[in-house]
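Student: Just passing along the structure, written as structure tokens.
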Amino acid sequence: MVEGAGHTAVLLPEVLAALNIRASGTYLDATFGRGGHAGAILEQLIADGRLLCLDRDATAIAQAKARWEGDSRVKIFLAPFSRLGACADAVEPGLKFDGILFDLGESSPQLDDPDRGFSFMRDGPLDMRMSQGEGVSAADVVNGASEAELIRIFREFGEERMAPRIARAIVADRKSRPFERTSQLAEMIARVARSRERHKHPATRVFQALRIHVNAELDELESALRAALDRLAPRGRLAVISFHSLEDRMVKQFMRRHATPDPVYAGLPDIPAHARPTLRLVGKSVEPESEETDRNPRARSARLRVAERLSPGIAA
Ligand SMILES: C[S@@+](CC[C@H](N)C(=O)[O-])C[C@H]1O[C@@H](n2cnc3c(N)ncnc32)[C@H](O)[C@@H]1O
């Protein structure tokens, strides 16, 4: 277990094995957080190895800079990971990676800080922006979106069955008092809706949905996966840890699609280069052992998927 200032890195040995680290290789940690994974990768690199670290959260990046500013192996960027190509080019035009890691979602410091507004367990401003102060906050959405739009967000990003009832109650309540605090929203949801899962707060799915919407998480991931594929060196490894089914489905489908020859050419002996797979799946998806989830309950829903970039001309 590696703890980086309040965040415990999930599936760490599995990630290190998945990335197949070469001491002089070039790696990208697209979700620095508190650097648990990044630190462990860096420990394996020698002087000509390279590690790029990205995060869209300014606090995370300030910590990365405080830790490694003087280390010539490390380059640090405050950026959404959909821009990983531009960050790579800023280091060296056309730079490719031997391994890219995405450890999706929020870090413990983000969740645990009431002022960031991610948690229905702690009262704070209804914010939820990972890039502090940029774009719209959760309060802007809850107070400004139409009832139909709220229903769509809660259904699409929270798979919330009671979306219409919750959206209707929000629209009725906000007329007299706009939603400003996480507790205000969580308590209102608990009044009008039940959770279908035992031990889950009724607001869990709505909070997840708002967070995904506010941070455009699925659009970010889709763009970033494409950019990552483009930036992987031959035999480079892509490792993605997701924490909910919407992300995991996207990662699984992306990896499968690129690991399968174009169906138009199925069964033919000679598949043209443009229709050949560009990825090879590496093993099955991996979930943490109970020993890890006992130590770190936040690892419970984690799932790691790994794929390897095929060299042009190598069959899957
Ligand atoms: C689960 S934490 C990563 C923890 C990290 N692996 C560690 O060991 O400390 C996820 C991090 O990814 C960042 N993040 C989430 N979505 C992002 C995006 N689209 N672009 C850049 N960073 C993102 C969050 O700000 C957060 O710091």
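Chain labels run A, B, ... following the order of the structure tokens; each chain numbers its residues from 1, and ligands are numbered from 1 in the order shown.
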Per residue of chain A within 8 Å of ligand 1, record the nearest atom pair and its distance in Å to one decimal, counting only C-alpha atoms and all ligand atoms, with rows in chain order and ascending residue number, as a tab-separated table.
Tutor:
```
residue	atom	partner	partner_atom_place_in_ligand_line	distance
A:Val2	CA	ligand 1	8 (O)	7.6
A:Glu3	CA	ligand 1	9 (O)	7.6
A:Gly4	CA	ligand 1	9 (O)	5.9
A:His7	CA	ligand 1	9 (O)	5.4
A:Thr8	CA	ligand 1	8 (O)	6.1
A:Ala9	CA	ligand 1	8 (O)	3.9
A:Val10	CA	ligand 1	8 (O)	6.8
A:Asp29	CA	ligand 1	6 (N)	7.6
A:Ala30	CA	ligand 1	21 (C)	6.2
A:Thr31	CA	ligand 1	12 (O)	3.8
A:Phe32	CA	ligand 1	5 (C)	4.9
A:Gly33	CA	ligand 1	27 (O)	3.4
A:Arg34	CA	ligand 1	9 (O)	3.5
A:Gly35	CA	ligand 1	9 (O)	4.0
A:Gly36	CA	ligand 1	8 (O)	3.3
A:His37	CA	ligand 1	8 (O)	4.4
A:Ala38	CA	ligand 1	8 (O)	6.7
A:Leu54	CA	ligand 1	21 (C)	5.9
A:Asp55	CA	ligand 1	22 (N)	3.6
A:Arg56	CA	ligand 1	21 (C)	4.1
A:Asp57	CA	ligand 1	25 (O)	4.6
A:Ala60	CA	ligand 1	27 (O)	5.9
A:Leu78	CA	ligand 1	21 (C)	7.7
A:Ala79	CA	ligand 1	21 (C)	5.8
A:Pro80	CA	ligand 1	20 (N)	3.3
A:Phe81	CA	ligand 1	20 (N)	3.8
A:Ser82	CA	ligand 1	19 (N)	6.4
A:Phe102	CA	ligand 1	6 (N)	7.5
A:Asp103	CA	ligand 1	3 (C)	5.1
A:Leu104	CA	ligand 1	10 (C)	4.9
A:Gly105	CA	ligand 1	10 (C)	4.8
A:Glu106	CA	ligand 1	10 (C)	4.5
A:Ser107	CA	ligand 1	2 (S)	3.8
A:Ser108	CA	ligand 1	2 (S)	7.3
A:Gln110	CA	ligand 1	27 (O)	7.3
A:Met130	CA	ligand 1	25 (O)	5.2
A:Ser131	CA	ligand 1	25 (O)	7.1
A:Asn215	CA	ligand 1	19 (N)	7.3
A:Ala216	CA	ligand 1	19 (N)	7.8
A:Glu217	CA	ligand 1	19 (N)	6.1
A:Glu220	CA	ligand 1	19 (N)	5.2
A:Leu221	CA	ligand 1	19 (N)	6.6
A:Ala224	CA	ligand 1	19 (N)	8.0
```
Student: Could you name the residues that touch Met162 in chain A at 10 Å or less, counting only C-alpha atoms, but leaving out those on the same chain fewer than 2 positions away, as a ChimeraX atom specification?
Tutor: /A:151,154-155,159-160,164-167,189,192-196,202,205-206
Student: Give me the residues near Ala209 in chain A as a ChimeraX atom specification, where near means some atom within 6 Å (using only C-alpha atoms) and where sequence neighbours in that chain fewer than 2 positions away do not count.
Tutor: /A:154,157-158,206-207,211-212
Student: Can you write out the residues you just picked, keeping N, CA, C and O atoms, as an mmCIF file, in the first residue's frame?
Tutor:
```cif
data_model
loop_
_atom_site.group_PDB
_atom_site.id
_atom_site.type_symbol
_atom_site.label_atom_id
_atom_site.label_comp_id
_atom_site.auth_asym_id
_atom_site.auth_seq_id
_atom_site.Cartn_x
_atom_site.Cartn_y
_atom_site.Cartn_z
ATOM 1 N N PHE A 154 -29.605 12.309 -14.481
ATOM 2 C CA PHE A 154 -29.680 11.311 -13.399
ATOM 3 C C PHE A 154 -29.806 9.895 -13.975
ATOM 4 O O PHE A 154 -29.257 8.939 -13.431
ATOM 5 N N PHE A 157 -26.207 9.183 -16.304
ATOM 6 C CA PHE A 157 -24.926 9.105 -15.592
ATOM 7 C C PHE A 157 -25.051 8.491 -14.202
ATOM 8 O O PHE A 157 -24.037 8.229 -13.556
ATOM 9 N N GLY A 158 -26.304 8.297 -13.727
ATOM 10 C CA GLY A 158 -26.472 7.693 -12.403
ATOM 11 C C GLY A 158 -27.257 6.397 -12.463
ATOM 12 O O GLY A 158 -27.377 5.713 -11.466
ATOM 13 N N VAL A 206 -27.438 10.142 -7.679
ATOM 14 C CA VAL A 206 -27.578 11.516 -8.178
ATOM 15 C C VAL A 206 -26.253 12.260 -8.036
ATOM 16 O O VAL A 206 -25.829 12.994 -8.942
ATOM 17 N N PHE A 207 -25.553 12.048 -6.928
ATOM 18 C CA PHE A 207 -24.251 12.704 -6.755
ATOM 19 C C PHE A 207 -23.267 12.203 -7.813
ATOM 20 O O PHE A 207 -22.516 12.979 -8.390
ATOM 21 N N ARG A 211 -21.603 14.628 -10.717
ATOM 22 C CA ARG A 211 -20.138 14.708 -10.838
ATOM 23 C C ARG A 211 -19.697 14.372 -12.271
ATOM 24 O O ARG A 211 -18.862 15.070 -12.860
ATOM 25 N N ILE A 212 -20.274 13.323 -12.827
ATOM 26 C CA ILE A 212 -19.901 12.921 -14.188
ATOM 27 C C ILE A 212 -20.274 14.018 -15.181
ATOM 28 O O ILE A 212 -19.502 14.362 -16.078
#
```
Student: What parts of range 50-162 of chain A does DSSP call strand (DSSP E)? I'd like the answer as a list in words.
Tutor: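 Those residues are Arg50, Leu51, Leu52, Cys53, Leu54, Asp55, Val74, Lys75, Ile76, Phe77, Leu78, Phe97, Asp98, Gly99, Ile100, Leu101, Phe102 and Asp103 of chain A.
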Student: Which of these, A:Ala299, A:Ala47, A:Ala145, A:Ile100, has the shortest distance to Gly85 in chain A once you count only C-alpha atoms?
Tutor: A:Ile100
Student: Hey, which bits of range 187-270 of chain A sit within 9 Å of range 280-288 of chain A, and for each residue what's the closest pair of atoms and how far apart in Å (one decimal), counting only C-alpha atoms, rows by chain and increasing number, as a tab-separated table?
Tutor:
```
residue	atom	partner	partner_atom	distance
A:Arg237	CA	A:Val282	CA	8.8
A:Lys252	CA	A:Ser285	CA	8.9
A:Met255	CA	A:Leu281	CA	7.0
A:Arg256	CA	A:Leu281	CA	7.4
A:His258	CA	A:Arg280	CA	8.0
A:Ala259	CA	A:Arg280	CA	5.2
A:Thr260	CA	A:Arg280	CA	8.5
```
Student: May I ask which of the residues A:Ser146, A:Asn20, A:Ser311, A:Ser290 is the closest one to Pro234 in chain A, counting only C-alpha atoms?
Tutor: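 Residue with the minimum atom-to-atom distance to Pro234 in chain A: A:Ser311.
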Student: Which residues in range 101-190 of chain A does DSSP call alpha helix (DSSP H)? List them as a PyMOL selection string.
Tutor: chain A and resi 108-112+138-144+147-158+163-176+182-190
Student: Provide the CA of Arg177 in chain A to CA of Val214 in chain A distance in Å, to one decimal place.
Tutor: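 Going from CA of Arg177 in chain A over to CA of Val214 in chain A covers 21.3 Å.
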Student: Check the smallest atom-to-atom distance from each of A:Ile21, A:Arg231, A:Arg300, A:Thr278 to Pro93 in chain A using only C-alpha atoms, then report the winner.
Tutor: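 Checking each of A:Ile21, A:Arg231, A:Arg300, A:Thr278 against Pro93 in chain A, counting only C-alpha atoms, the winner is A:Arg231.
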Student: Of the candidates A:Pro109, A:Leu19, A:Leu45, A:Leu28, which shows the shortest atom-to-atom distance to Thr59 in chain A, using only C-alpha atoms?
Tutor: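 The shortest atom-to-atom distance to Thr59 in chain A comes from A:Pro109.
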Student: Measuring atom to atom with only C-alpha atoms, identify which of A:Ile46, A:Leu111, A:Leu310, A:Ala138 is nearest to His213 in chain A.
Tutor: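 Distance minimum relative to His213 in chain A lands on A:Ala138.
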